[in-house]
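*Asks:* My structure is stored as run37.cif, with mmCIF, C-alpha atoms.
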data_entry
loop_
_atom_site.group_PDB
_atom_site.id
_atom_site.type_symbol
_atom_site.label_atom_id
_atom_site.label_comp_id
_atom_site.auth_asym_id
_atom_site.auth_seq_id
_atom_site.Cartn_x
_atom_site.Cartn_y
_atom_site.Cartn_z
ATOM 1 C CA MET A 1 80.680 -25.724 -1.538
ATOM 2 C CA ASP A 2 80.219 -29.504 -1.589
ATOM 3 C CA ASN A 3 76.881 -31.285 -1.207
ATOM 4 C CA GLU A 4 77.113 -31.797 2.542
ATOM 5 C CA GLU A 5 77.979 -28.139 3.054
ATOM 6 C CA LEU A 6 74.975 -27.141 0.967
ATOM 7 C CA PHE A 7 72.569 -29.160 3.102
ATOM 8 C CA VAL A 8 73.939 -27.518 6.252
ATOM 9 C CA SER A 9 74.004 -24.070 4.689
ATOM 10 C CA VAL A 10 70.321 -24.256 3.697
ATOM 11 C CA ALA A 11 69.362 -25.303 7.229
ATOM 12 C CA LEU A 12 71.454 -22.529 8.807
ATOM 13 C CA ASN A 13 69.788 -19.988 6.492
ATOM 14 C CA ALA A 14 66.379 -21.119 7.750
ATOM 15 C CA TRP A 15 67.534 -20.836 11.369
ATOM 16 C CA ARG A 16 69.016 -17.372 10.796
ATOM 17 C CA SER A 17 65.944 -16.162 8.980
ATOM 18 C CA ASN A 18 63.717 -17.148 11.917
ATOM 19 C CA ILE A 19 66.082 -15.493 14.423
ATOM 20 C CA GLU A 20 65.927 -12.300 12.382
ATOM 21 C CA ARG A 21 62.119 -12.411 12.240
ATOM 22 C CA ALA A 22 61.980 -12.887 16.007
ATOM 23 C CA ASN A 23 64.464 -10.036 16.563
ATOM 24 C CA LYS A 24 62.317 -7.766 14.442
ATOM 25 C CA ILE A 25 59.083 -8.667 16.213
ATOM 26 C CA PHE A 26 60.319 -8.605 19.810
ATOM 27 C CA GLY A 27 62.695 -5.673 19.246
ATOM 28 C CA GLY A 28 59.787 -3.504 18.109
ATOM 29 C CA LEU A 29 57.591 -4.051 21.164
ATOM 30 C CA THR A 30 57.335 -1.913 24.301
ATOM 31 C CA PRO A 31 57.371 -3.590 27.746
ATOM 32 C CA GLU A 32 53.602 -2.929 27.890
ATOM 33 C CA GLU A 33 52.951 -4.522 24.500
ATOM 34 C CA LEU A 34 54.938 -7.569 25.626
ATOM 35 C CA LEU A 35 52.314 -8.134 28.329
ATOM 36 C CA GLN A 36 49.526 -8.777 25.814
ATOM 37 C CA GLU A 37 48.397 -12.337 25.092
ATOM 38 C CA VAL A 38 48.754 -13.951 21.647
ATOM 39 C CA ALA A 39 45.066 -14.875 21.908
ATOM 40 C CA PRO A 40 42.542 -14.459 24.749
ATOM 41 C CA GLY A 41 43.683 -16.506 27.750
ATOM 42 C CA LYS A 42 46.849 -17.751 25.996
ATOM 43 C CA ASN A 43 50.557 -17.056 26.555
ATOM 44 C CA ARG A 44 51.770 -13.487 26.822
ATOM 45 C CA LEU A 45 54.369 -12.284 24.295
ATOM 46 C CA ILE A 46 56.934 -11.832 27.060
ATOM 47 C CA TYR A 47 56.478 -15.476 28.035
ATOM 48 C CA LEU A 48 57.040 -16.632 24.453
ATOM 49 C CA TRP A 49 60.208 -14.526 24.232
ATOM 50 C CA GLY A 50 61.519 -16.057 27.451
ATOM 51 C CA HIS A 51 60.393 -19.510 26.336
ATOM 52 C CA LEU A 52 62.278 -19.271 23.040
ATOM 53 C CA THR A 53 65.326 -17.977 24.934
ATOM 54 C CA ALA A 54 65.179 -20.859 27.407
ATOM 55 C CA VAL A 55 64.748 -23.477 24.671
ATOM 56 C CA HIS A 56 67.673 -22.027 22.703
ATOM 57 C CA ASP A 57 69.774 -21.854 25.870
ATOM 58 C CA ALA A 58 69.172 -25.576 26.409
ATOM 59 C CA MET A 59 70.565 -26.209 22.909
ATOM 60 C CA LEU A 60 74.058 -25.284 24.154
ATOM 61 C CA PRO A 61 74.636 -28.451 26.227
ATOM 62 C CA LEU A 62 72.533 -30.506 23.796
ATOM 63 C CA LEU A 63 74.929 -29.611 20.967
ATOM 64 C CA GLY A 64 78.067 -29.870 23.088
ATOM 65 C CA LEU A 65 78.612 -26.106 23.097
ATOM 66 C CA GLY A 66 78.876 -25.619 26.851
ATOM 67 C CA LYS A 67 76.596 -25.000 29.780
ATOM 68 C CA ARG A 68 73.358 -23.059 29.666
ATOM 69 C CA LEU A 69 73.822 -19.321 30.243
ATOM 70 C CA HIS A 70 70.461 -18.903 32.020
ATOM 71 C CA PRO A 71 69.400 -22.115 33.779
ATOM 72 C CA GLU A 72 66.970 -20.002 35.837
ATOM 73 C CA PHE A 73 64.864 -19.489 32.675
ATOM 74 C CA GLU A 74 63.877 -23.165 32.808
ATOM 75 C CA ALA A 75 61.463 -22.725 35.725
ATOM 76 C CA ALA A 76 60.153 -19.383 34.488
ATOM 77 C CA PHE A 77 59.567 -20.330 30.855
ATOM 78 C CA ILE A 78 59.619 -24.092 30.278
ATOM 79 C CA SER A 79 58.603 -26.199 33.265
ATOM 80 C CA ASN A 80 55.825 -23.830 34.357
ATOM 81 C CA PRO A 81 53.046 -22.218 32.330
ATOM 82 C CA ASP A 82 52.686 -18.474 31.882
ATOM 83 C CA LYS A 83 51.271 -16.356 34.702
ATOM 84 C CA THR A 84 52.293 -18.782 37.454
ATOM 85 C CA GLN A 85 55.853 -17.521 38.086
ATOM 86 C CA SER A 86 57.496 -14.129 38.306
ATOM 87 C CA VAL A 87 59.462 -13.524 35.122
ATOM 88 C CA PRO A 88 62.605 -11.480 34.392
ATOM 89 C CA SER A 89 62.202 -7.973 32.943
ATOM 90 C CA ALA A 90 61.886 -7.427 29.200
ATOM 91 C CA ALA A 91 65.386 -5.900 29.208
ATOM 92 C CA ASP A 92 66.860 -8.966 30.907
ATOM 93 C CA ILE A 93 65.079 -11.330 28.536
ATOM 94 C CA GLY A 94 66.268 -9.281 25.558
ATOM 95 C CA ASN A 95 69.880 -9.471 26.744
ATOM 96 C CA ALA A 96 69.640 -13.200 27.421
ATOM 97 C CA TRP A 97 68.060 -13.776 23.997
ATOM 98 C CA LYS A 98 70.954 -11.969 22.312
ATOM 99 C CA ASP A 99 73.670 -13.685 24.374
ATOM 100 C CA VAL A 100 72.265 -17.175 23.887
ATOM 101 C CA ASN A 101 71.795 -16.804 20.133
ATOM 102 C CA ASN A 102 75.247 -15.255 19.706
ATOM 103 C CA LYS A 103 76.802 -18.161 21.556
ATOM 104 C CA LEU A 104 74.891 -20.611 19.343
ATOM 105 C CA PHE A 105 76.007 -18.832 16.162
ATOM 106 C CA GLU A 106 79.614 -18.906 17.370
ATOM 107 C CA GLY A 107 79.299 -22.609 18.121
ATOM 108 C CA PHE A 108 77.682 -23.394 14.768
ATOM 109 C CA ALA A 109 80.624 -21.681 13.057
ATOM 110 C CA THR A 110 83.042 -24.142 14.680
ATOM 111 C CA PHE A 111 81.158 -27.212 13.361
ATOM 112 C CA ALA A 112 82.458 -29.064 10.326
ATOM 113 C CA THR A 113 79.583 -30.573 8.323
ATOM 114 C CA ALA A 114 80.181 -34.027 9.798
ATOM 115 C CA ASP A 115 79.892 -32.559 13.309
ATOM 116 C CA TRP A 116 76.215 -31.901 12.602
ATOM 117 C CA LEU A 117 75.731 -35.658 12.270
ATOM 118 C CA GLN A 118 77.173 -36.402 15.701
ATOM 119 C CA LYS A 119 74.783 -37.552 18.361
ATOM 120 C CA HIS A 120 73.175 -34.886 20.510
ATOM 121 C CA ASP A 121 73.569 -34.960 24.257
ATOM 122 C CA ALA A 122 70.133 -36.377 25.114
ATOM 123 C CA ILE A 123 70.610 -39.757 23.447
ATOM 124 C CA SER A 124 72.838 -42.616 24.588
ATOM 125 C CA ALA A 125 75.681 -43.886 22.394
ATOM 126 C CA GLU A 126 73.887 -47.243 22.288
ATOM 127 C CA ASP A 127 70.575 -45.812 21.027
ATOM 128 C CA PHE A 128 72.392 -43.553 18.577
ATOM 129 C CA LEU A 129 73.869 -46.604 16.840
ATOM 130 C CA LYS A 130 70.327 -47.704 16.021
ATOM 131 C CA GLU A 131 68.923 -44.201 15.427
ATOM 132 C CA PRO A 132 71.631 -42.142 13.680
ATOM 133 C CA HIS A 133 69.084 -39.493 12.628
ATOM 134 C CA ARG A 134 68.853 -38.345 16.264
ATOM 135 C CA ASN A 135 71.766 -36.003 15.677
ATOM 136 C CA ARG A 136 72.625 -32.325 16.049
ATOM 137 C CA PHE A 137 71.172 -31.564 12.631
ATOM 138 C CA ALA A 138 67.797 -32.868 13.848
ATOM 139 C CA ILE A 139 68.038 -30.502 16.818
ATOM 140 C CA LEU A 140 68.740 -27.575 14.472
ATOM 141 C CA LEU A 141 65.731 -28.357 12.262
ATOM 142 C CA GLY A 142 63.506 -29.134 15.243
ATOM 143 C CA ARG A 143 64.300 -25.857 16.984
ATOM 144 C CA THR A 144 63.877 -23.907 13.744
ATOM 145 C CA ASN A 145 60.387 -25.414 13.492
ATOM 146 C CA HIS A 146 59.790 -24.609 17.147
ATOM 147 C CA MET A 147 60.531 -20.943 16.421
ATOM 148 C CA SER A 148 58.149 -21.017 13.434
ATOM 149 C CA HIS A 149 55.442 -22.499 15.654
ATOM 150 C CA HIS A 150 55.603 -19.545 18.044
ATOM 151 C CA LEU A 151 56.291 -16.930 15.347
ATOM 152 C CA GLY A 152 53.014 -18.063 13.791
ATOM 153 C CA GLN A 153 51.270 -17.287 17.072
ATOM 154 C CA LEU A 154 53.008 -13.915 17.331
ATOM 155 C CA ALA A 155 51.809 -13.069 13.821
ATOM 156 C CA LEU A 156 48.238 -13.123 15.168
ATOM 157 C CA THR A 157 48.976 -10.059 17.304
ATOM 158 C CA GLY A 158 50.131 -8.015 14.310
ATOM 159 C CA GLY A 159 48.129 -6.709 11.384
ATOM 160 C CA ASP A 160 47.509 -9.993 9.565
ATOM 161 C CA MET B 1 73.281 -44.465 5.180
ATOM 162 C CA ASP B 2 75.926 -41.963 4.068
ATOM 163 C CA ASN B 3 76.183 -38.385 5.315
ATOM 164 C CA GLU B 4 74.154 -36.832 2.519
ATOM 165 C CA GLU B 5 71.396 -39.381 3.008
ATOM 166 C CA LEU B 6 71.337 -38.595 6.717
ATOM 167 C CA PHE B 7 70.833 -34.865 6.125
ATOM 168 C CA VAL B 8 67.910 -35.612 3.792
ATOM 169 C CA SER B 9 66.461 -38.247 6.093
ATOM 170 C CA VAL B 10 66.390 -35.849 9.071
ATOM 171 C CA ALA B 11 64.619 -33.212 6.978
ATOM 172 C CA LEU B 12 62.077 -35.713 5.659
ATOM 173 C CA ASN B 13 61.371 -36.864 9.225
ATOM 174 C CA ALA B 14 60.571 -33.270 10.195
ATOM 175 C CA TRP B 15 58.270 -32.885 7.183
ATOM 176 C CA ARG B 16 56.487 -36.168 7.926
ATOM 177 C CA SER B 17 56.100 -35.351 11.578
ATOM 178 C CA ASN B 18 54.372 -32.049 10.736
ATOM 179 C CA ILE B 19 52.101 -33.745 8.201
ATOM 180 C CA GLU B 20 51.088 -36.266 10.861
ATOM 181 C CA ARG B 21 50.378 -33.523 13.392
ATOM 182 C CA ALA B 22 48.229 -31.706 10.837
ATOM 183 C CA ASN B 23 46.388 -34.930 9.949
ATOM 184 C CA LYS B 24 45.649 -35.501 13.602
ATOM 185 C CA ILE B 25 44.388 -31.964 14.213
ATOM 186 C CA PHE B 26 42.272 -31.528 11.081
ATOM 187 C CA GLY B 27 41.080 -35.142 11.025
ATOM 188 C CA GLY B 28 39.586 -34.738 14.492
ATOM 189 C CA LEU B 29 37.473 -31.674 13.726
ATOM 190 C CA THR B 30 33.826 -31.536 12.681
ATOM 191 C CA PRO B 31 32.788 -29.285 9.760
ATOM 192 C CA GLU B 32 31.349 -26.895 12.388
ATOM 193 C CA GLU B 33 34.573 -26.783 14.391
ATOM 194 C CA LEU B 34 36.482 -26.030 11.201
ATOM 195 C CA LEU B 35 34.519 -22.787 10.927
ATOM 196 C CA GLN B 36 35.986 -21.367 14.147
ATOM 197 C CA GLU B 37 38.749 -18.757 13.969
ATOM 198 C CA VAL B 38 42.258 -19.396 15.379
ATOM 199 C CA ALA B 39 41.873 -16.091 17.259
ATOM 200 C CA PRO B 40 39.144 -13.434 17.194
ATOM 201 C CA GLY B 41 38.922 -11.917 13.709
ATOM 202 C CA LYS B 42 41.695 -14.153 12.323
ATOM 203 C CA ASN B 43 41.701 -17.030 9.809
ATOM 204 C CA ARG B 44 39.222 -19.870 10.209
ATOM 205 C CA LEU B 45 40.615 -23.390 10.632
ATOM 206 C CA ILE B 46 39.079 -24.445 7.319
ATOM 207 C CA TYR B 47 40.959 -21.645 5.575
ATOM 208 C CA LEU B 48 44.261 -22.747 7.108
ATOM 209 C CA TRP B 49 43.623 -26.326 5.986
ATOM 210 C CA GLY B 50 42.914 -25.170 2.442
ATOM 211 C CA HIS B 51 45.875 -22.789 2.589
ATOM 212 C CA LEU B 52 48.289 -25.545 3.592
ATOM 213 C CA THR B 53 46.831 -27.770 0.867
ATOM 214 C CA ALA B 54 47.262 -25.051 -1.762
ATOM 215 C CA VAL B 55 50.837 -24.280 -0.688
ATOM 216 C CA HIS B 56 51.751 -27.975 -0.761
ATOM 217 C CA ASP B 57 50.051 -28.379 -4.134
ATOM 218 C CA ALA B 58 52.236 -25.592 -5.516
ATOM 219 C CA MET B 59 55.305 -27.563 -4.390
ATOM 220 C CA LEU B 60 54.623 -30.138 -7.116
ATOM 221 C CA PRO B 61 55.689 -27.938 -10.077
ATOM 222 C CA LEU B 62 58.270 -26.159 -7.896
ATOM 223 C CA LEU B 63 60.032 -29.487 -7.263
ATOM 224 C CA GLY B 64 59.563 -30.801 -10.799
ATOM 225 C CA LEU B 65 56.960 -33.358 -9.723
ATOM 226 C CA GLY B 66 54.225 -32.411 -12.155
ATOM 227 C CA LYS B 67 51.327 -30.008 -12.360
ATOM 228 C CA ARG B 68 49.244 -28.842 -9.417
ATOM 229 C CA LEU B 69 46.291 -31.109 -8.656
ATOM 230 C CA HIS B 70 44.053 -28.244 -7.473
ATOM 231 C CA PRO B 71 44.967 -24.939 -9.158
ATOM 232 C CA GLU B 72 41.538 -23.616 -8.105
ATOM 233 C CA PHE B 73 42.748 -23.609 -4.469
ATOM 234 C CA GLU B 74 45.099 -20.725 -5.320
ATOM 235 C CA ALA B 75 42.314 -18.114 -5.486
ATOM 236 C CA ALA B 76 40.400 -19.582 -2.548
ATOM 237 C CA PHE B 77 43.318 -19.999 -0.147
ATOM 238 C CA ILE B 78 46.425 -18.073 -1.247
ATOM 239 C CA SER B 79 45.760 -14.983 -3.332
ATOM 240 C CA ASN B 80 42.693 -13.931 -1.334
ATOM 241 C CA PRO B 81 42.207 -13.625 2.425
ATOM 242 C CA ASP B 82 39.734 -15.703 4.383
ATOM 243 C CA LYS B 83 36.036 -14.828 4.285
ATOM 244 C CA THR B 84 36.213 -13.117 0.879
ATOM 245 C CA GLN B 85 35.701 -16.194 -1.365
ATOM 246 C CA SER B 86 33.493 -19.247 -1.264
ATOM 247 C CA VAL B 87 35.596 -22.226 -0.245
ATOM 248 C CA PRO B 88 35.325 -25.964 -1.038
ATOM 249 C CA SER B 89 33.653 -28.250 1.516
ATOM 250 C CA ALA B 90 35.631 -29.773 4.381
ATOM 251 C CA ALA B 91 35.343 -33.171 2.684
ATOM 252 C CA ASP B 92 36.780 -31.812 -0.572
ATOM 253 C CA ILE B 93 39.632 -30.062 1.234
ATOM 254 C CA GLY B 94 40.378 -33.230 3.179
ATOM 255 C CA ASN B 95 40.569 -35.285 -0.020
ATOM 256 C CA ALA B 96 42.767 -32.703 -1.733
ATOM 257 C CA TRP B 97 45.045 -32.530 1.321
ATOM 258 C CA LYS B 98 45.509 -36.316 1.210
ATOM 259 C CA ASP B 99 46.030 -36.495 -2.573
ATOM 260 C CA VAL B 100 48.534 -33.643 -2.666
ATOM 261 C CA ASN B 101 50.609 -34.948 0.225
ATOM 262 C CA ASN B 102 50.582 -38.495 -1.146
ATOM 263 C CA LYS B 103 51.821 -37.226 -4.504
ATOM 264 C CA LEU B 104 54.587 -35.277 -2.730
ATOM 265 C CA PHE B 105 55.645 -38.330 -0.701
ATOM 266 C CA GLU B 106 55.744 -40.424 -3.872
ATOM 267 C CA GLY B 107 57.849 -37.760 -5.587
ATOM 268 C CA PHE B 108 60.238 -37.433 -2.629
ATOM 269 C CA ALA B 109 60.784 -41.195 -2.783
ATOM 270 C CA THR B 110 62.072 -40.882 -6.362
ATOM 271 C CA PHE B 111 64.719 -38.268 -5.455
ATOM 272 C CA ALA B 112 68.331 -39.299 -5.013
ATOM 273 C CA THR B 113 70.066 -37.121 -2.416
ATOM 274 C CA ALA B 114 71.731 -34.986 -5.090
ATOM 275 C CA ASP B 115 68.301 -34.269 -6.627
ATOM 276 C CA TRP B 116 67.437 -32.277 -3.504
ATOM 277 C CA LEU B 117 70.252 -29.884 -4.405
ATOM 278 C CA GLN B 118 68.878 -29.183 -7.883
ATOM 279 C CA LYS B 119 67.422 -25.775 -8.517
ATOM 280 C CA HIS B 120 63.717 -25.350 -7.853
ATOM 281 C CA ASP B 121 61.423 -24.163 -10.596
ATOM 282 C CA ALA B 122 61.073 -20.529 -9.455
ATOM 283 C CA ILE B 123 64.726 -19.557 -9.955
ATOM 284 C CA SER B 124 66.547 -19.103 -13.272
ATOM 285 C CA ALA B 125 69.551 -21.251 -14.180
ATOM 286 C CA GLU B 126 71.630 -18.070 -14.215
ATOM 287 C CA ASP B 127 70.655 -16.975 -10.693
ATOM 288 C CA PHE B 128 71.049 -20.513 -9.404
ATOM 289 C CA LEU B 129 74.732 -20.496 -10.405
ATOM 290 C CA LYS B 130 75.239 -17.619 -7.957
ATOM 291 C CA GLU B 131 72.776 -18.845 -5.328
ATOM 292 C CA PRO B 132 73.059 -22.653 -5.141
ATOM 293 C CA HIS B 133 71.261 -22.741 -1.795
ATOM 294 C CA ARG B 134 67.991 -21.853 -3.565
ATOM 295 C CA ASN B 135 67.367 -25.525 -4.180
ATOM 296 C CA ARG B 136 64.672 -28.125 -3.574
ATOM 297 C CA PHE B 137 66.014 -28.830 -0.102
ATOM 298 C CA ALA B 138 65.381 -25.178 0.798
ATOM 299 C CA ILE B 139 61.787 -25.578 -0.402
ATOM 300 C CA LEU B 140 61.362 -28.676 1.790
ATOM 301 C CA LEU B 141 62.687 -26.900 4.906
ATOM 302 C CA GLY B 142 60.780 -23.706 4.122
ATOM 303 C CA ARG B 143 57.478 -25.509 3.706
ATOM 304 C CA THR B 144 58.085 -27.560 6.848
ATOM 305 C CA ASN B 145 58.532 -24.276 8.721
ATOM 306 C CA HIS B 146 55.429 -22.911 7.030
ATOM 307 C CA MET B 147 53.437 -25.836 8.419
ATOM 308 C CA SER B 148 54.885 -25.224 11.905
ATOM 309 C CA HIS B 149 53.869 -21.561 11.655
ATOM 310 C CA HIS B 150 50.218 -22.474 11.116
ATOM 311 C CA LEU B 151 50.263 -25.499 13.436
ATOM 312 C CA GLY B 152 51.331 -23.071 16.154
ATOM 313 C CA GLN B 153 48.227 -21.019 15.446
ATOM 314 C CA LEU B 154 46.030 -24.119 15.446
ATOM 315 C CA ALA B 155 47.439 -25.085 18.839
ATOM 316 C CA LEU B 156 45.765 -21.970 20.266
ATOM 317 C CA THR B 157 42.335 -23.435 19.568
ATOM 318 C CA GLY B 158 43.074 -26.582 21.566
ATOM 319 C CA GLY B 159 43.576 -27.028 25.277
ATOM 320 C CA ASP B 160 46.995 -25.353 25.620
#
Using the file provided, produce a representation of the structure as structure tokens.

*Replies:*
Amino acid sequence: MDNEELFVSVALNAWRSNIERANKIFGGLTPEELLQEVAPGKNRLIYLWGHLTAVHDAMLPLLGLGKRLHPEFEAAFISNPDKTQSVPSAADIGNAWKDVNNKLFEGFATFATADWLQKHDAISAEDFLKEPHRNRFAILLGRTNHMSHHLGQLALTGGD
Amino acid sequence: MDNEELFVSVALNAWRSNIERANKIFGGLTPEELLQEVAPGKNRLIYLWGHLTAVHDAMLPLLGLGKRLHPEFEAAFISNPDKTQSVPSAADIGNAWKDVNNKLFEGFATFATADWLQKHDAISAEDFLKEPHRNRFAILLGRTNHMSHHLGQLALTGGD
């Protein structure tokens, strides 16, 4: 493994480790438990699950891996706060979560290391010349941190 | 900037961005506000600040950047849960937080890209041969995620 591959491999390990933590947490909850809030008056667990799914789904076009699988999650889980919209069932969110992450993993596997340094889809070619760090690798790290942010909130509903 | 430098630069941006978010949150709180809990019965904000400081302090030896500046934070903020030990004042934690992070930034600035792929101090040379991804770069990403985890909890005490 050369140096560039090592940098990517470490980042993919961090991504995978967060996905596995999320799978473990959400996979162990009943539909009723998913309706509890992470803290009084804050987002419900089901909203966070849908939110993470929607944010990961939006990574597909951002990384050049195709269209979103569930564009309807945008209104339910990103552009509107919790408890203002009807949301899909826990089973539907669980299936979407799996499908989206599988498609991302498949896409990641097709990337050569240099592909991670390509521009992402939300920056113009002109701006990217000046800001080459706004690349796919930044999206990967940013979304890994985004998962950690919400996993930290989910941890408050467990025993610790 | 070559490819390896870009991977490191993106990761350092993520680290810096989390440090700045933490500075903004903790710097805006009064000593009284720091005594509130992130959620009922959970860690107090002052504990999380000390905890992040202690974890960052422990990065110094882990990354080969010298001894910890505040080894006494270990018992107060890592090996014991909140509300079981007396803790330093908010002013002392704030100074330690600044000193530790400044020393880390100074150390990071001395690293060539390949230095990030060196083994960290908590793995043997023998194990590192088999597991080259257990390097300093993994520590940087892991601790960035660790900050996000707790920043997510802190966000629950604000307006969102």

*Asks:* Counting only C-alpha atoms, which residues from chain A have an atom at most 7 Å from any atom of chain B, and could you show them as an mmCIF file with C-alpha atoms, in the frame of the given file?

*Replies:*
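Written output follows (part29.cif):
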data_model
loop_
_atom_site.group_PDB
_atom_site.id
_atom_site.type_symbol
_atom_site.label_atom_id
_atom_site.label_comp_id
_atom_site.auth_asym_id
_atom_site.auth_seq_id
_atom_site.Cartn_x
_atom_site.Cartn_y
_atom_site.Cartn_z
ATOM 1 C CA GLU A 4 77.113 -31.797 2.542
ATOM 2 C CA LEU A 6 74.975 -27.141 0.967
ATOM 3 C CA PHE A 7 72.569 -29.160 3.102
ATOM 4 C CA VAL A 10 70.321 -24.256 3.697
ATOM 5 C CA ALA A 39 45.066 -14.875 21.908
ATOM 6 C CA HIS A 133 69.084 -39.493 12.628
ATOM 7 C CA ALA A 138 67.797 -32.868 13.848
ATOM 8 C CA ASN A 145 60.387 -25.414 13.492
ATOM 9 C CA SER A 148 58.149 -21.017 13.434
ATOM 10 C CA HIS A 149 55.442 -22.499 15.654
ATOM 11 C CA HIS A 150 55.603 -19.545 18.044
ATOM 12 C CA LEU A 151 56.291 -16.930 15.347
ATOM 13 C CA GLY A 152 53.014 -18.063 13.791
ATOM 14 C CA GLN A 153 51.270 -17.287 17.072
#

*Asks:* Within 10 Å of (46.8, -38.2, 1.8), in the coordinates the file gives, what residues turn up when you count only C-alpha atoms, written out as a PyMOL selection string?

*Replies:* chain B and resi 19+23+94-105

*Asks:* Given the choices B:Ile123, B:Leu35, B:Leu140, B:Ile78, which gets closest to Ala90 in chain B if the distance is worked out from all atoms listed in the file?

*Replies:*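 Result for the nearest residue to Ala90 in chain B: B:Leu35.
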
*Asks:* Just checking: using only C-alpha atoms, which residue out of B:Gly50, B:Gly64, B:Gly27, B:Gly158 ends up closest to Asp92 in chain B?

*Replies:*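 Of B:Gly50, B:Gly64, B:Gly27, B:Gly158, the one nearest Asp92 in chain B, counting only C-alpha atoms, is B:Gly50.
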
*Asks:* Could you name the residues that touch Leu62 in chain B at 8 Å or less, counting all atoms listed in the file, but leaving out those on the same chain fewer than 4 positions away, as a PyMOL selection string?

*Replies:* chain B and resi 58+120-122+136

*Asks:* Nearest to Leu48 in chain A among A:Lys130, A:Phe77, A:Gln118, A:Leu65, with distances taken over only C-alpha atoms: which residue is it?

*Replies:*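 Between A:Lys130, A:Phe77, A:Gln118, A:Leu65, the residue approaching Leu48 in chain A most closely is A:Phe77.
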
*Asks:* Restricting the calculation to only C-alpha atoms, which member of A:Gln36, A:Thr53, A:Thr84, A:Ser124 is positioned closest to Arg143 in chain A?

*Replies:* A:Thr53

*Asks:* Could you please determine the separation between CA of Ala54 in chain B and CA of Phe73 in chain B in Å, to one decimal place?

*Replies:*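 Here the two named atoms are 5.5 Å from each other.
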
*Asks:* Record the distance separating CA of Tyr47 in chain B and CA of Leu52 in chain A, expressed in Å with one decimal.

*Replies:*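 If I compute the distance from CA of Tyr47 in chain B to CA of Leu52 in chain A, I get 27.7 Å.
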
*Asks:* If you measure from CA of Val87 in chain B to CA of Phe108 in chain B, what distance in Å do you get, rounded to one decimal?

*Replies:*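 It comes out at 29.1 Å.
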
*Asks:* Once you add 8 Å to each side, what are the centre and edge lengths of the axis-aligned box holding all listed atoms of range 41-54 of chain B? One decimal in Å, as lines of an AutoDock Vina configuration file, if you can.

*Replies:*
center_x = 43.6
center_y = -19.8
center_z = 6.0
size_x = 25.4
size_y = 31.9
size_z = 31.5

*Asks:* When distances are computed from all atoms listed in the file, which of B:Asp2, B:Glu37, B:Glu106, B:Glu131 shows the smallest separation from Lys83 in chain B?

*Replies:*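 Nearest candidate to Lys83 in chain B out of B:Asp2, B:Glu37, B:Glu106, B:Glu131: B:Glu37.
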